[in-house]
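Trainee: Structure below; questions to follow.
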Amino acid sequence: MVVENEKWSSIEELAEHLQVHKDTIRLWIKRGEIPAHKLGRLWRFKISEIDDWVRSGKSANINKGLTD
């Protein structure tokens with residue numbers, strides 16, 4: 001559920017929201033596993049999209065294959 005007029009969040013804000021390291025967010029972006037939008041040189045996120053992604057269960061599979 002995307003909220004109208006929702007502000008864009010930075011990697012730092014998203015890392016705090018998800019309680020993970022910023023490098024983890026960057027890895028997920030690189031692997032195309034997280035909803036992210038590139039605005040110029042900066043990555044931005046809608047917290048509502050991230051929360052939907054987490055609720056969908058897709059975030060549960062993102063670390064599979066890291067040790068393979």
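If you're wondering about the labels, chains in the structure tokens are A, B, ... by order shown, residues count from 1 in each chain, ligands from 1 in order shown.
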Any idea what's packed within 12 Å of Ile29 (chain A), counting only C-alpha atoms, ignoring anything in its chain fewer than 4 positions away? Could you give it as JSON, numbers by chain?
Mentor: {"A": [11, 22, 23, 24, 25, 33, 34, 35, 36, 37, 38, 42, 43, 44, 45, 62]}
Trainee: Write out as a count of residues only all residues of chain A that DSSP puts in strand (DSSP E or B) for this structure's backbone.
Mentor: 8
Trainee: Which neighbours of Asn5 (chain A) fall inside 12 Å, counting only C-alpha atoms, when residues of the same chain fewer than 3 positions from it are skipped, and could you give them as an mmCIF file with C-alpha atoms, in the first residue's frame?
Mentor:
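Done, and the output landed in result.cif:
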```
data_model
loop_
_atom_site.group_PDB
_atom_site.id
_atom_site.type_symbol
_atom_site.label_atom_id
_atom_site.label_comp_id
_atom_site.auth_asym_id
_atom_site.auth_seq_id
_atom_site.Cartn_x
_atom_site.Cartn_y
_atom_site.Cartn_z
ATOM 1 C CA VAL A 2 1.726 3.165 -1.175
ATOM 2 C CA TRP A 8 11.387 9.514 0.247
ATOM 3 C CA LYS A 46 9.178 4.489 0.222
ATOM 4 C CA ILE A 47 8.758 2.944 3.665
ATOM 5 C CA SER A 48 5.278 1.717 2.703
#
```
Trainee: As a list in words, please: all residues of chain A that backbone DSSP puts in alpha helix (DSSP H).
Mentor: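 So the alpha helix (DSSP H) residues in chain A would be Ile11, Glu12, Glu13, Leu14, Ala15, Glu16, His17, Leu18, Lys22, Asp23, Thr24, Ile25, Arg26, Leu27, Trp28, Ile29, Lys30, Ile47, Ser48, Glu49, Ile50, Asp51, Asp52, Trp53, Val54, Arg55 and Ser56 of chain A.
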Trainee: Please dump the current selection as a compact mmCIF listing (two decimals), in the first residue's frame; keep N, CA and C atoms.
Mentor:
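Writing done, so here's again.txt:
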```txt
# COMPACT_ATOMS: atom_id res chain seq x y z
N ILE A 11 19.07 5.63 2.42
CA ILE A 11 19.62 4.34 2.87
C ILE A 11 19.77 4.34 4.38
N GLU A 12 20.26 5.43 4.93
CA GLU A 12 20.46 5.52 6.38
C GLU A 12 19.14 5.37 7.13
N GLU A 13 18.11 6.06 6.66
CA GLU A 13 16.80 5.98 7.31
C GLU A 13 16.21 4.57 7.18
N LEU A 14 16.39 3.97 6.02
CA LEU A 14 15.87 2.62 5.81
C LEU A 14 16.61 1.61 6.68
N ALA A 15 17.92 1.73 6.77
CA ALA A 15 18.70 0.83 7.62
C ALA A 15 18.23 0.91 9.07
N GLU A 16 17.95 2.11 9.52
CA GLU A 16 17.44 2.29 10.88
C GLU A 16 16.05 1.66 11.02
N HIS A 17 15.21 1.87 10.03
CA HIS A 17 13.84 1.33 10.05
C HIS A 17 13.86 -0.20 10.12
N LEU A 18 14.75 -0.83 9.33
CA LEU A 18 14.81 -2.29 9.28
C LEU A 18 15.78 -2.88 10.30
N LYS A 22 23.80 -0.37 6.79
CA LYS A 22 23.66 0.28 5.48
C LYS A 22 24.25 -0.58 4.36
N ASP A 23 25.33 -1.30 4.65
CA ASP A 23 25.94 -2.16 3.63
C ASP A 23 25.01 -3.30 3.23
N THR A 24 24.18 -3.74 4.14
CA THR A 24 23.19 -4.78 3.82
C THR A 24 22.18 -4.23 2.83
N ILE A 25 21.72 -3.02 3.05
CA ILE A 25 20.79 -2.38 2.11
C ILE A 25 21.44 -2.27 0.74
N ARG A 26 22.69 -1.83 0.70
CA ARG A 26 23.39 -1.68 -0.58
C ARG A 26 23.51 -3.02 -1.31
N LEU A 27 23.78 -4.09 -0.57
CA LEU A 27 23.86 -5.43 -1.17
C LEU A 27 22.52 -5.83 -1.75
N TRP A 28 21.44 -5.60 -1.01
CA TRP A 28 20.12 -5.94 -1.51
C TRP A 28 19.78 -5.14 -2.77
N ILE A 29 20.19 -3.88 -2.83
CA ILE A 29 19.97 -3.06 -4.03
C ILE A 29 20.73 -3.66 -5.20
N LYS A 30 22.00 -3.96 -4.98
CA LYS A 30 22.86 -4.51 -6.04
C LYS A 30 22.28 -5.80 -6.61
N ILE A 47 8.88 3.87 2.54
CA ILE A 47 8.76 2.94 3.66
C ILE A 47 7.54 2.03 3.48
N SER A 48 6.47 2.56 2.92
CA SER A 48 5.28 1.72 2.70
C SER A 48 5.59 0.57 1.74
N GLU A 49 6.40 0.82 0.69
CA GLU A 49 6.80 -0.24 -0.24
C GLU A 49 7.68 -1.27 0.46
N ILE A 50 8.57 -0.79 1.31
CA ILE A 50 9.45 -1.69 2.04
C ILE A 50 8.64 -2.55 3.00
N ASP A 51 7.71 -1.95 3.71
CA ASP A 51 6.87 -2.71 4.64
C ASP A 51 6.04 -3.75 3.88
N ASP A 52 5.52 -3.40 2.71
CA ASP A 52 4.78 -4.37 1.88
C ASP A 52 5.69 -5.52 1.46
N TRP A 53 6.93 -5.19 1.10
CA TRP A 53 7.93 -6.19 0.69
C TRP A 53 8.22 -7.15 1.84
N VAL A 54 8.37 -6.62 3.03
CA VAL A 54 8.63 -7.46 4.20
C VAL A 54 7.41 -8.35 4.47
N ARG A 55 6.22 -7.77 4.45
CA ARG A 55 4.99 -8.54 4.72
C ARG A 55 4.76 -9.63 3.68
N SER A 56 5.19 -9.40 2.45
CA SER A 56 4.97 -10.38 1.37
C SER A 56 5.81 -11.64 1.55
```
